[in-house]
Amino acid sequence: MKAPPVSITVKDLTLRFPVYGVDAKSLKKHLARVAIGGRLSSAHHGSAEVTAISGLSMTLKAGDRLGLIGHNGSGKTTLLRALSGAYEPDEGQIEVKGRIAPLLDLSLGIDPSATGLENIRLRGRIAGLTTKEIDAKMDEIGKFTGLGPFLAMPLKTYSAGMAARLAFAVATAVDADVLLMDEWIAVGDADFQKIAHQRLLSLVERAGILVLASHDMDLIRLYCNKVMRMEGGVASPVTSIKDLDQLLAQA
Amino acid sequence: MHTAQHMLRTGRRGSLHEFAMAYADLRASVPKLGLAWSLASHDVISRYRGSILGPFWITLSMAFMVLGIGFLYSELQHISLQETMPFVALGIVFWGMISLVIIEGCETFVHASGMLSQTSLPMFTFVWRTLLRNLVTLLHHLIIIVAVLIWFGYWRTMNLPLAIAGLALTLLNVSWISLAVAISSARFRDIPQIVTSVMQFSMFMTPVFWKPDFHSPMMKLVLVYNPFFHMLDSIRGPLLGAQPALQTYVVLIVMALIGWAVTFSLFALTRRRIVHYL
């Protein structure tokens, strides 16, 4: 089956996070508030709302590799999560055509007490692969990790670098049209970083669209052909990577 | 990660839209049952990793409990072992399933926060995960049931299809309760404590160990208004060759319908917020 054309369309996206303070999670406080007629202001109960993204619109089509830049808390990760389908917009609309692979958190679905092989299976299942597909890819993933016999050992016996290798190998074993990445590309030792880089490049080649959030401008220049700057939940228009310096100068 | 071909998320509001989206979530969870199964069986495997008997440890401890309580109650209530032992055995095994689906329901969404906050996996996937995990455990405990039914000869008189129907009705009910506590535990962190104590209290109010006695009006009241009695009786009764009262089936069916309607509405109204609760 030929997949329909890959695209991301975001229209006037606004995302607000209700902040449920630690207090608000207590049933007693909630009941107390109901009992006294909800007259205590939200200042006491901390269910204020934070606007994480406001009025964001963008259109990406196959071949676009968008770099997201901006300070901490500017809404980059939130946008990535919204594109992954985890967050429901408060206003506006997100439409993504194509298979999405959010590589936001390397440790997603990783169980430290399970062996390397089991973790590959589990993570592969979460990524939407069938058991058969995982079996077919197992050798390739195992080889790529370079962990050899360690794959049969529990993950907790791994060094941090080894665990990162495994997580990276599984996370990038998916066939995706839309790749969402938060900054985590530099993992493992120098050797591994080199092959990781190649693997990412080939993944990006295969994927129709890449959205990469990063603070590393060299990385953005390396992988992306378009760039968007976010500040306080407000996004700049999507511009060509050539205008990156200009965009930075405006900051 | 998720391999949906097309994803549309809108800021549209209105109850009708929320219900449509909740239904879409439920429908999308059906092809994800395989994933729910993988997660559930991984849960069981990882919980008992490194132990020799694995989940059979629970089976073993249940078996001892059945023996102990069976003998004790047979002595205390002056009822033959023939009657007490199978009653207690089935009671303990199925009560374990019922109460754990509900108690572990508290963690359904809380434990899945990682996946819920960065994938478009249907939320119902995790409800099925909790349910399937406990069905896997129940399968291990079937040993006790089979042993007791054969040893005491009840396999000749039991009505297996009716018991399976009872199990299905019970699952239909515990699943909505599990979903309801999953949503409320995500929002209010006191709920798991409350649920645990309610279930503990219910264990004593439900004829898990003791024989129900319909002669006392007070007791009758306790039984008729106890949904867990009906759940347990619909499974245990037919296995022990007794026909559960028609009332039991009425209660279970009505409770399933109303329970699912209310819980599904709750889910529809809170669905977009649940990921923010976590």
# chains A, B, ... in the order shown; residues from 1 in each chain; ligands from 1
call {"tool": "residues_around", "arguments": {"residues": "region 54-59 of chain B", "least_positions_apart": "6", "cutoff": "9 Å", "atoms": "only C-alpha atoms", "output": "ChimeraX atom specification"}}
result
/B:44-45,47-48,93,137-138,140-144
call {"tool": "write_last_selection", "arguments": {"atoms": "all heavy atoms", "output": "short mmCIF file (atom, residue, chain, number, x, y, z; two decimals), in the first residue's frame"}}
result
data_model
loop_
_atom_site.label_atom_id
_atom_site.label_comp_id
_atom_site.auth_asym_id
_atom_site.auth_seq_id
_atom_site.Cartn_x
_atom_site.Cartn_y
_atom_site.Cartn_z
N VAL B 44 3.82 -9.12 34.05
CA VAL B 44 3.82 -10.33 34.88
C VAL B 44 5.23 -10.91 34.95
O VAL B 44 5.74 -11.24 36.02
CB VAL B 44 2.83 -11.38 34.34
CG1 VAL B 44 2.92 -12.67 35.12
CG2 VAL B 44 1.41 -10.83 34.38
N ILE B 45 5.87 -10.99 33.77
CA ILE B 45 7.22 -11.56 33.74
C ILE B 45 8.17 -10.73 34.60
O ILE B 45 8.94 -11.27 35.40
CB ILE B 45 7.75 -11.62 32.29
CG1 ILE B 45 6.96 -12.67 31.49
CG2 ILE B 45 9.23 -11.97 32.27
CD1 ILE B 45 7.23 -12.63 30.01
N ARG B 47 7.53 -8.74 37.04
CA ARG B 47 7.23 -8.70 38.47
C ARG B 47 7.85 -9.89 39.20
O ARG B 47 8.24 -9.79 40.35
CB ARG B 47 5.71 -8.71 38.66
CG ARG B 47 5.29 -8.41 40.08
CD ARG B 47 3.79 -8.33 40.21
NE ARG B 47 3.22 -7.19 39.50
CZ ARG B 47 1.91 -6.96 39.44
NH1 ARG B 47 1.07 -7.76 40.04
NH2 ARG B 47 1.44 -5.92 38.81
N TYR B 48 7.90 -11.02 38.49
CA TYR B 48 8.40 -12.23 39.16
C TYR B 48 9.74 -12.67 38.62
O TYR B 48 10.11 -13.82 38.72
CB TYR B 48 7.38 -13.36 39.00
CG TYR B 48 6.05 -13.00 39.61
CD1 TYR B 48 5.01 -12.59 38.82
CD2 TYR B 48 5.89 -13.03 40.98
CE1 TYR B 48 3.80 -12.23 39.38
CE2 TYR B 48 4.69 -12.68 41.55
CZ TYR B 48 3.64 -12.28 40.75
OH TYR B 48 2.45 -11.92 41.30
N VAL B 93 -9.86 -17.16 45.06
CA VAL B 93 -9.27 -16.96 43.73
C VAL B 93 -9.99 -15.86 42.96
O VAL B 93 -9.37 -14.93 42.44
CB VAL B 93 -9.27 -18.28 42.93
CG1 VAL B 93 -8.93 -18.01 41.47
CG2 VAL B 93 -8.29 -19.27 43.53
N THR B 137 -2.74 -13.68 35.56
CA THR B 137 -2.55 -14.20 36.92
C THR B 137 -3.65 -15.20 37.26
O THR B 137 -3.39 -16.24 37.86
CB THR B 137 -2.57 -13.05 37.94
OG1 THR B 137 -2.04 -11.89 37.32
CG2 THR B 137 -1.74 -13.38 39.15
N LEU B 138 -4.87 -14.87 36.84
CA LEU B 138 -5.99 -15.78 37.13
C LEU B 138 -5.75 -17.14 36.50
O LEU B 138 -6.06 -18.18 37.10
CB LEU B 138 -7.30 -15.17 36.60
CG LEU B 138 -8.56 -16.02 36.81
CD1 LEU B 138 -8.88 -16.12 38.28
CD2 LEU B 138 -9.75 -15.44 36.06
N HIS B 140 -3.04 -18.69 36.14
CA HIS B 140 -2.17 -19.47 37.01
C HIS B 140 -2.95 -20.10 38.15
O HIS B 140 -2.71 -21.23 38.54
CB HIS B 140 -1.05 -18.60 37.59
CG HIS B 140 -0.04 -18.20 36.57
ND1 HIS B 140 -0.18 -17.08 35.78
CD2 HIS B 140 1.12 -18.78 36.20
CE1 HIS B 140 0.86 -16.99 34.97
NE2 HIS B 140 1.67 -18.00 35.20
N HIS B 141 -3.91 -19.31 38.67
CA HIS B 141 -4.66 -19.80 39.83
C HIS B 141 -5.69 -20.86 39.45
O HIS B 141 -6.27 -21.48 40.32
CB HIS B 141 -5.35 -18.64 40.54
CG HIS B 141 -4.40 -17.58 40.98
ND1 HIS B 141 -3.07 -17.85 41.23
CD2 HIS B 141 -4.57 -16.26 41.20
CE1 HIS B 141 -2.48 -16.72 41.58
NE2 HIS B 141 -3.35 -15.75 41.57
N LEU B 142 -5.93 -21.00 38.14
CA LEU B 142 -6.91 -22.01 37.72
C LEU B 142 -6.54 -23.39 38.26
O LEU B 142 -7.42 -24.22 38.47
CB LEU B 142 -6.98 -22.07 36.19
CG LEU B 142 -7.88 -21.03 35.52
CD1 LEU B 142 -7.96 -21.28 34.03
CD2 LEU B 142 -9.28 -21.07 36.12
N ILE B 143 -5.24 -23.60 38.49
CA ILE B 143 -4.79 -24.87 39.05
C ILE B 143 -5.56 -25.22 40.32
O ILE B 143 -6.04 -26.32 40.50
CB ILE B 143 -3.28 -24.80 39.40
CG1 ILE B 143 -2.49 -24.71 38.11
CG2 ILE B 143 -2.86 -26.01 40.21
CD1 ILE B 143 -1.00 -24.79 38.35
N ILE B 144 -5.67 -24.20 41.20
CA ILE B 144 -6.37 -24.42 42.47
C ILE B 144 -7.81 -24.83 42.19
O ILE B 144 -8.33 -25.78 42.77
CB ILE B 144 -6.37 -23.13 43.32
CG1 ILE B 144 -4.93 -22.71 43.64
CG2 ILE B 144 -7.18 -23.31 44.58
CD1 ILE B 144 -4.85 -21.44 44.46
#
call {"tool": "select_by_dssp", "arguments": {"residues": "region 75-124 of chain A", "states": "alpha helix (DSSP H)", "output": "JSON list (two decimals) with C-alpha atoms, in the first residue's frame"}}
result
[["chain", "number", "residue", "atom", "x", "y", "z"],
["A", 76, "LYS", "CA", 9.57, 23.35, 21.82],
["A", 77, "THR", "CA", 9.00, 20.06, 23.59],
["A", 78, "THR", "CA", 5.34, 20.84, 24.05],
["A", 79, "LEU", "CA", 4.99, 21.36, 20.32],
["A", 80, "LEU", "CA", 6.75, 18.05, 19.65],
["A", 81, "ARG", "CA", 4.44, 16.26, 22.06],
["A", 82, "ALA", "CA", 1.41, 17.89, 20.50],
["A", 83, "LEU", "CA", 2.63, 16.74, 17.08],
["A", 84, "SER", "CA", 3.00, 13.22, 18.47],
["A", 116, "GLY", "CA", 18.59, -6.14, 26.29],
["A", 117, "LEU", "CA", 16.68, -8.41, 23.92],
["A", 118, "GLU", "CA", 13.47, -8.13, 25.91],
["A", 119, "ASN", "CA", 13.80, -4.38, 25.94],
["A", 120, "ILE", "CA", 14.21, -4.33, 22.18],
["A", 121, "ARG", "CA", 11.00, -6.32, 21.84],
["A", 122, "LEU", "CA", 9.06, -4.21, 24.30],
["A", 123, "ARG", "CA", 10.15, -0.92, 22.86],
["A", 124, "GLY", "CA", 9.51, -2.21, 19.35]]
call {"tool": "closest_atom_pairs", "arguments": {"of": "chain B", "to": "chain A", "cutoff": "10 Å", "atoms": "only C-alpha atoms", "output": "JSON lines"}}
result
{"residue": "B:Met1", "atom": "CA", "partner": "A:Ala127", "partner_atom": "CA", "distance": 4.4}
{"residue": "B:His2", "atom": "CA", "partner": "A:Ala127", "partner_atom": "CA", "distance": 5.3}
{"residue": "B:Thr3", "atom": "CA", "partner": "A:Arg99", "partner_atom": "CA", "distance": 4.6}
{"residue": "B:Ala4", "atom": "CA", "partner": "A:Arg99", "partner_atom": "CA", "distance": 5.3}
{"residue": "B:Gln5", "atom": "CA", "partner": "A:Gly98", "partner_atom": "CA", "distance": 4.5}
{"residue": "B:His6", "atom": "CA", "partner": "A:Lys97", "partner_atom": "CA", "distance": 4.5}
{"residue": "B:Met7", "atom": "CA", "partner": "A:Val96", "partner_atom": "CA", "distance": 5.0}
{"residue": "B:Leu8", "atom": "CA", "partner": "A:Glu95", "partner_atom": "CA", "distance": 4.4}
{"residue": "B:Arg9", "atom": "CA", "partner": "A:Ile94", "partner_atom": "CA", "distance": 5.1}
{"residue": "B:Thr10", "atom": "CA", "partner": "A:Gln93", "partner_atom": "CA", "distance": 4.2}
{"residue": "B:Gly11", "atom": "CA", "partner": "A:Glu91", "partner_atom": "CA", "distance": 4.1}
{"residue": "B:Arg12", "atom": "CA", "partner": "A:Glu91", "partner_atom": "CA", "distance": 7.0}
{"residue": "B:Arg13", "atom": "CA", "partner": "A:Asp90", "partner_atom": "CA", "distance": 8.6}
{"residue": "B:Lys32", "atom": "CA", "partner": "A:Gly128", "partner_atom": "CA", "distance": 8.6}
{"residue": "B:Gly34", "atom": "CA", "partner": "A:Thr130", "partner_atom": "CA", "distance": 8.5}
{"residue": "B:Leu35", "atom": "CA", "partner": "A:Arg125", "partner_atom": "CA", "distance": 6.2}
{"residue": "B:Ala36", "atom": "CA", "partner": "A:Ile126", "partner_atom": "CA", "distance": 9.3}
{"residue": "B:Ser38", "atom": "CA", "partner": "A:Leu122", "partner_atom": "CA", "distance": 7.4}
{"residue": "B:Leu39", "atom": "CA", "partner": "A:Leu122", "partner_atom": "CA", "distance": 7.4}
{"residue": "B:His42", "atom": "CA", "partner": "A:Leu122", "partner_atom": "CA", "distance": 7.9}
{"residue": "B:Asp43", "atom": "CA", "partner": "A:Asp111", "partner_atom": "CA", "distance": 9.8}
{"residue": "B:Ile45", "atom": "CA", "partner": "A:Ala114", "partner_atom": "CA", "distance": 9.0}
{"residue": "B:Ser46", "atom": "CA", "partner": "A:Ala114", "partner_atom": "CA", "distance": 6.8}
{"residue": "B:Arg47", "atom": "CA", "partner": "A:Ser113", "partner_atom": "CA", "distance": 9.5}
{"residue": "B:Arg49", "atom": "CA", "partner": "A:Ser113", "partner_atom": "CA", "distance": 8.0}
{"residue": "B:Gly50", "atom": "CA", "partner": "A:Ser113", "partner_atom": "CA", "distance": 9.7}
{"residue": "B:Ala112", "atom": "CA", "partner": "A:Gly109", "partner_atom": "CA", "distance": 9.1}
{"residue": "B:Ser113", "atom": "CA", "partner": "A:Leu108", "partner_atom": "CA", "distance": 10.0}
{"residue": "B:Gly114", "atom": "CA", "partner": "A:Leu108", "partner_atom": "CA", "distance": 6.3}
{"residue": "B:Met115", "atom": "CA", "partner": "A:Leu108", "partner_atom": "CA", "distance": 6.8}
{"residue": "B:Leu116", "atom": "CA", "partner": "A:Ala86", "partner_atom": "CA", "distance": 6.1}
{"residue": "B:Ser117", "atom": "CA", "partner": "A:Ala86", "partner_atom": "CA", "distance": 5.2}
{"residue": "B:Gln118", "atom": "CA", "partner": "A:Arg81", "partner_atom": "CA", "distance": 5.3}
{"residue": "B:Thr119", "atom": "CA", "partner": "A:Ala86", "partner_atom": "CA", "distance": 5.2}
{"residue": "B:Ser120", "atom": "CA", "partner": "A:Gly85", "partner_atom": "CA", "distance": 4.5}
{"residue": "B:Leu121", "atom": "CA", "partner": "A:Ala86", "partner_atom": "CA", "distance": 7.9}
{"residue": "B:Pro122", "atom": "CA", "partner": "A:Ala86", "partner_atom": "CA", "distance": 9.5}
{"residue": "B:Ser184", "atom": "CA", "partner": "A:Leu27", "partner_atom": "CA", "distance": 9.8}
{"residue": "B:Ser185", "atom": "CA", "partner": "A:Lys25", "partner_atom": "CA", "distance": 9.2}
{"residue": "B:Ala186", "atom": "CA", "partner": "A:Lys25", "partner_atom": "CA", "distance": 8.6}
{"residue": "B:Arg187", "atom": "CA", "partner": "A:Lys25", "partner_atom": "CA", "distance": 6.0}
{"residue": "B:Phe188", "atom": "CA", "partner": "A:Lys25", "partner_atom": "CA", "distance": 4.5}
{"residue": "B:Arg189", "atom": "CA", "partner": "A:Lys25", "partner_atom": "CA", "distance": 5.8}
{"residue": "B:Asp190", "atom": "CA", "partner": "A:Leu27", "partner_atom": "CA", "distance": 6.1}
{"residue": "B:Ile191", "atom": "CA", "partner": "A:Leu27", "partner_atom": "CA", "distance": 7.8}
{"residue": "B:Arg271", "atom": "CA", "partner": "A:Glu88", "partner_atom": "CA", "distance": 9.0}
{"residue": "B:Arg272", "atom": "CA", "partner": "A:Glu88", "partner_atom": "CA", "distance": 5.7}
{"residue": "B:Arg273", "atom": "CA", "partner": "A:Pro18", "partner_atom": "CA", "distance": 8.3}
{"residue": "B:Ile274", "atom": "CA", "partner": "A:Tyr87", "partner_atom": "CA", "distance": 9.7}
{"residue": "B:Val275", "atom": "CA", "partner": "A:Tyr87", "partner_atom": "CA", "distance": 7.3}
{"residue": "B:His276", "atom": "CA", "partner": "A:Phe17", "partner_atom": "CA", "distance": 6.9}
{"residue": "B:Tyr277", "atom": "CA", "partner": "A:Tyr20", "partner_atom": "CA", "distance": 6.9}
{"residue": "B:Leu278", "atom": "CA", "partner": "A:Tyr20", "partner_atom": "CA", "distance": 9.3}
call {"tool": "write_last_selection", "arguments": {"atoms": "C-alpha atoms", "output": "PDB file, in the first residue's frame"}}
result
ATOM      1  CA  MET B   1       5.607   5.948  19.163  1.00  0.00           C
ATOM      2  CA  HIS B   2       2.745   5.036  17.014  1.00  0.00           C
ATOM      3  CA  THR B   3       2.287   4.178  13.402  1.00  0.00           C
ATOM      4  CA  ALA B   4      -1.034   5.791  12.662  1.00  0.00           C
ATOM      5  CA  GLN B   5      -1.220   6.903   9.083  1.00  0.00           C
ATOM      6  CA  HIS B   6      -3.319   9.920   9.801  1.00  0.00           C
ATOM      7  CA  MET B   7      -3.699  11.896  12.969  1.00  0.00           C
ATOM      8  CA  LEU B   8      -6.082  14.745  13.481  1.00  0.00           C
ATOM      9  CA  ARG B   9      -6.337  16.628  16.742  1.00  0.00           C
ATOM     10  CA  THR B  10      -8.605  19.592  17.018  1.00  0.00           C
ATOM     11  CA  GLY B  11      -9.549  22.094  19.640  1.00  0.00           C
ATOM     12  CA  ARG B  12     -13.202  21.557  18.861  1.00  0.00           C
ATOM     13  CA  ARG B  13     -15.364  21.431  21.926  1.00  0.00           C
ATOM     14  CA  LYS B  32      -3.804  -2.272  20.021  1.00  0.00           C
ATOM     15  CA  GLY B  34      -1.856  -7.092  20.946  1.00  0.00           C
ATOM     16  CA  LEU B  35       0.249  -4.322  22.441  1.00  0.00           C
ATOM     17  CA  ALA B  36      -1.838  -4.379  25.628  1.00  0.00           C
ATOM     18  CA  SER B  38       2.566  -7.639  25.290  1.00  0.00           C
ATOM     19  CA  LEU B  39       2.672  -4.996  28.022  1.00  0.00           C
ATOM     20  CA  HIS B  42       5.787  -8.226  30.302  1.00  0.00           C
ATOM     21  CA  ASP B  43       4.383  -6.832  33.575  1.00  0.00           C
ATOM     22  CA  ILE B  45       7.223 -11.563  33.740  1.00  0.00           C
ATOM     23  CA  SER B  46       9.086  -8.595  35.172  1.00  0.00           C
ATOM     24  CA  ARG B  47       7.226  -8.700  38.465  1.00  0.00           C
ATOM     25  CA  ARG B  49      11.743 -12.054  37.426  1.00  0.00           C
ATOM     26  CA  GLY B  50      14.386 -14.212  39.030  1.00  0.00           C
ATOM     27  CA  ALA B 112       1.634   4.953  31.700  1.00  0.00           C
ATOM     28  CA  SER B 113       2.414   8.660  31.973  1.00  0.00           C
ATOM     29  CA  GLY B 114       5.565   8.290  29.862  1.00  0.00           C
ATOM     30  CA  MET B 115       3.734   6.711  26.974  1.00  0.00           C
ATOM     31  CA  LEU B 116       0.657   8.886  27.307  1.00  0.00           C
ATOM     32  CA  SER B 117       2.636  12.117  27.170  1.00  0.00           C
ATOM     33  CA  GLN B 118       4.562  11.368  24.008  1.00  0.00           C
ATOM     34  CA  THR B 119       2.551   9.018  21.869  1.00  0.00           C
ATOM     35  CA  SER B 120      -0.917   8.933  20.401  1.00  0.00           C
ATOM     36  CA  LEU B 121      -1.622   5.469  21.801  1.00  0.00           C
ATOM     37  CA  PRO B 122      -5.286   5.110  22.734  1.00  0.00           C
ATOM     38  CA  SER B 184      -9.938   9.610  39.460  1.00  0.00           C
ATOM     39  CA  SER B 185      -6.582   8.365  40.790  1.00  0.00           C
ATOM     40  CA  ALA B 186      -4.796  10.334  38.108  1.00  0.00           C
ATOM     41  CA  ARG B 187      -6.568  13.471  39.261  1.00  0.00           C
ATOM     42  CA  PHE B 188      -6.659  12.910  43.024  1.00  0.00           C
ATOM     43  CA  ARG B 189      -3.794  11.100  44.656  1.00  0.00           C
ATOM     44  CA  ASP B 190      -5.912  10.120  47.650  1.00  0.00           C
ATOM     45  CA  ILE B 191      -8.064   7.777  45.614  1.00  0.00           C
ATOM     46  CA  ARG B 271     -10.043  12.605  28.256  1.00  0.00           C
ATOM     47  CA  ARG B 272      -8.206  15.692  27.017  1.00  0.00           C
ATOM     48  CA  ARG B 273      -7.193  16.555  30.580  1.00  0.00           C
ATOM     49  CA  ILE B 274      -6.004  13.162  31.790  1.00  0.00           C
ATOM     50  CA  VAL B 275      -2.526  13.536  30.307  1.00  0.00           C
ATOM     51  CA  HIS B 276      -2.167  16.832  32.192  1.00  0.00           C
ATOM     52  CA  TYR B 277      -3.207  15.244  35.477  1.00  0.00           C
ATOM     53  CA  LEU B 278      -0.240  12.906  35.380  1.00  0.00           C
TER      54      LEU B 278
END
call {"tool": "residues_around", "arguments": {"residues": "Val88 (chain B)", "least_positions_apart": "3", "cutoff": "7 Å", "atoms": "only C-alpha atoms", "output": "compact mmCIF listing (two decimals) with N, CA, C and O atoms, in the first residue's frame"}}
result
# COMPACT_ATOMS: atom_id res chain seq x y z
N VAL B 66 -6.27 -21.09 51.22
CA VAL B 66 -7.48 -21.88 51.00
C VAL B 66 -7.53 -23.05 51.98
O VAL B 66 -8.55 -23.27 52.65
N GLY B 70 -10.15 -22.94 54.81
CA GLY B 70 -11.12 -24.01 54.58
C GLY B 70 -11.31 -24.88 55.80
O GLY B 70 -12.43 -25.10 56.26
N THR B 84 -17.10 -26.59 52.51
CA THR B 84 -16.34 -25.37 52.78
C THR B 84 -15.19 -25.17 51.81
O THR B 84 -15.00 -24.08 51.27
N MET B 85 -14.40 -26.23 51.64
CA MET B 85 -13.14 -26.07 50.90
C MET B 85 -13.33 -25.51 49.49
O MET B 85 -12.70 -24.52 49.15
N GLY B 91 -13.86 -18.72 46.17
CA GLY B 91 -14.04 -17.37 46.69
C GLY B 91 -12.75 -16.60 46.68
O GLY B 91 -12.68 -15.49 46.15
N ILE B 92 -11.70 -17.19 47.22
CA ILE B 92 -10.42 -16.48 47.33
C ILE B 92 -9.83 -16.18 45.94
O ILE B 92 -9.39 -15.06 45.67
N VAL B 208 -16.75 -14.16 50.84
CA VAL B 208 -15.60 -14.80 50.22
C VAL B 208 -15.30 -16.08 50.99
O VAL B 208 -15.15 -17.15 50.41
N PHE B 209 -15.22 -15.95 52.33
CA PHE B 209 -14.93 -17.12 53.17
C PHE B 209 -16.21 -17.70 53.78
O PHE B 209 -16.36 -18.89 53.89
call {"tool": "closest_residue", "arguments": {"among": "A:Ser159, A:Thr172, A:Asn72, A:Thr51", "to": "Gln198 (chain A)", "atoms": "only C-alpha atoms"}}
result
A:Thr172
call {"tool": "residues_around", "arguments": {"residues": "Ala169 (chain A)", "least_positions_apart": "3", "cutoff": "7 Å", "atoms": "only C-alpha atoms", "output": "list in words"}}
result
Ile141, Phe144, Thr145, Arg165, Leu166, Thr172 and Ala173 of chain A
call {"tool": "write_last_selection", "arguments": {"atoms": "all heavy atoms", "output": "short mmCIF file (atom, residue, chain, number, x, y, z; two decimals), in the first residue's frame"}}
result
data_model
loop_
_atom_site.label_atom_id
_atom_site.label_comp_id
_atom_site.auth_asym_id
_atom_site.auth_seq_id
_atom_site.Cartn_x
_atom_site.Cartn_y
_atom_site.Cartn_z
N ILE A 141 19.22 -4.76 14.66
CA ILE A 141 19.27 -3.89 15.84
C ILE A 141 20.39 -4.36 16.77
O ILE A 141 21.20 -3.56 17.25
CB ILE A 141 17.92 -3.90 16.59
CG1 ILE A 141 16.81 -3.36 15.70
CG2 ILE A 141 18.01 -3.08 17.87
CD1 ILE A 141 15.42 -3.49 16.29
N PHE A 144 23.69 -3.45 15.47
CA PHE A 144 23.95 -2.01 15.53
C PHE A 144 24.36 -1.58 16.95
O PHE A 144 25.22 -0.71 17.11
CB PHE A 144 22.72 -1.23 15.09
CG PHE A 144 22.93 0.25 15.13
CD1 PHE A 144 23.69 0.88 14.16
CD2 PHE A 144 22.41 1.00 16.17
CE1 PHE A 144 23.91 2.24 14.21
CE2 PHE A 144 22.64 2.36 16.23
CZ PHE A 144 23.39 2.98 15.24
N THR A 145 23.76 -2.19 17.96
CA THR A 145 24.11 -1.79 19.33
C THR A 145 25.56 -2.13 19.65
O THR A 145 26.18 -1.49 20.49
CB THR A 145 23.24 -2.51 20.38
OG1 THR A 145 23.45 -3.91 20.24
CG2 THR A 145 21.78 -2.20 20.22
N ARG A 165 23.13 3.23 23.98
CA ARG A 165 23.29 2.59 22.68
C ARG A 165 22.07 1.76 22.33
O ARG A 165 21.53 1.82 21.23
CB ARG A 165 24.49 1.64 22.69
CG ARG A 165 25.81 2.31 22.45
CD ARG A 165 26.92 1.27 22.54
NE ARG A 165 28.19 1.85 22.15
CZ ARG A 165 29.00 1.28 21.24
NH1 ARG A 165 28.69 0.13 20.71
NH2 ARG A 165 30.11 1.88 20.90
N LEU A 166 21.65 0.96 23.31
CA LEU A 166 20.50 0.08 23.08
C LEU A 166 19.25 0.90 22.78
O LEU A 166 18.55 0.67 21.79
CB LEU A 166 20.25 -0.80 24.30
CG LEU A 166 19.12 -1.78 24.08
CD1 LEU A 166 19.66 -3.15 23.74
CD2 LEU A 166 18.21 -1.87 25.28
N THR A 172 15.54 4.07 16.81
CA THR A 172 15.74 4.46 15.42
C THR A 172 15.49 3.31 14.45
O THR A 172 15.75 3.44 13.27
CB THR A 172 17.16 5.00 15.22
OG1 THR A 172 18.08 4.05 15.77
CG2 THR A 172 17.35 6.33 15.90
N ALA A 173 14.99 2.19 14.96
CA ALA A 173 14.75 1.04 14.08
C ALA A 173 13.39 1.12 13.40
O ALA A 173 13.03 0.23 12.65
CB ALA A 173 14.85 -0.26 14.88
#
call {"tool": "atom_distance", "arguments": {"atom1": "CA of Met228 (chain A)", "atom2": "CA of Leu56 (chain A)"}}
result
10.9 Å
call {"tool": "decode", "arguments": {"residues": "region 113-121 of chain A", "atoms": "N, CA, C and O atoms", "output": "PDB file, in the first residue's frame"}}
result
ATOM      1  N   SER A 113      15.207  -4.072  34.565  1.00  0.00           N
ATOM      2  CA  SER A 113      15.456  -5.434  35.041  1.00  0.00           C
ATOM      3  C   SER A 113      15.334  -6.455  33.920  1.00  0.00           C
ATOM      4  O   SER A 113      15.682  -7.610  34.089  1.00  0.00           O
ATOM      5  N   ALA A 114      14.825  -6.019  32.757  1.00  0.00           N
ATOM      6  CA  ALA A 114      14.706  -6.944  31.633  1.00  0.00           C
ATOM      7  C   ALA A 114      16.005  -6.960  30.843  1.00  0.00           C
ATOM      8  O   ALA A 114      16.812  -6.032  30.934  1.00  0.00           O
ATOM      9  N   THR A 115      16.207  -8.020  30.067  1.00  0.00           N
ATOM     10  CA  THR A 115      17.433  -8.117  29.286  1.00  0.00           C
ATOM     11  C   THR A 115      17.365  -7.164  28.090  1.00  0.00           C
ATOM     12  O   THR A 115      16.314  -6.624  27.766  1.00  0.00           O
ATOM     13  N   GLY A 116      18.521  -6.994  27.465  1.00  0.00           N
ATOM     14  CA  GLY A 116      18.590  -6.140  26.286  1.00  0.00           C
ATOM     15  C   GLY A 116      17.618  -6.582  25.211  1.00  0.00           C
ATOM     16  O   GLY A 116      16.883  -5.775  24.644  1.00  0.00           O
ATOM     17  N   LEU A 117      17.576  -7.890  24.959  1.00  0.00           N
ATOM     18  CA  LEU A 117      16.683  -8.414  23.921  1.00  0.00           C
ATOM     19  C   LEU A 117      15.222  -8.136  24.243  1.00  0.00           C
ATOM     20  O   LEU A 117      14.440  -7.723  23.392  1.00  0.00           O
ATOM     21  N   GLU A 118      14.862  -8.364  25.515  1.00  0.00           N
ATOM     22  CA  GLU A 118      13.468  -8.126  25.912  1.00  0.00           C
ATOM     23  C   GLU A 118      13.102  -6.661  25.749  1.00  0.00           C
ATOM     24  O   GLU A 118      11.988  -6.336  25.348  1.00  0.00           O
ATOM     25  N   ASN A 119      14.070  -5.803  26.074  1.00  0.00           N
ATOM     26  CA  ASN A 119      13.801  -4.376  25.935  1.00  0.00           C
ATOM     27  C   ASN A 119      13.618  -3.978  24.482  1.00  0.00           C
ATOM     28  O   ASN A 119      12.792  -3.122  24.161  1.00  0.00           O
ATOM     29  N   ILE A 120      14.379  -4.612  23.602  1.00  0.00           N
ATOM     30  CA  ILE A 120      14.208  -4.326  22.179  1.00  0.00           C
ATOM     31  C   ILE A 120      12.796  -4.698  21.742  1.00  0.00           C
ATOM     32  O   ILE A 120      12.117  -3.947  21.049  1.00  0.00           O
ATOM     33  N   ARG A 121      12.354  -5.880  22.203  1.00  0.00           N
ATOM     34  CA  ARG A 121      10.998  -6.324  21.838  1.00  0.00           C
ATOM     35  C   ARG A 121       9.934  -5.381  22.371  1.00  0.00           C
ATOM     36  O   ARG A 121       9.025  -4.972  21.659  1.00  0.00           O
TER      37      ARG A 121
END
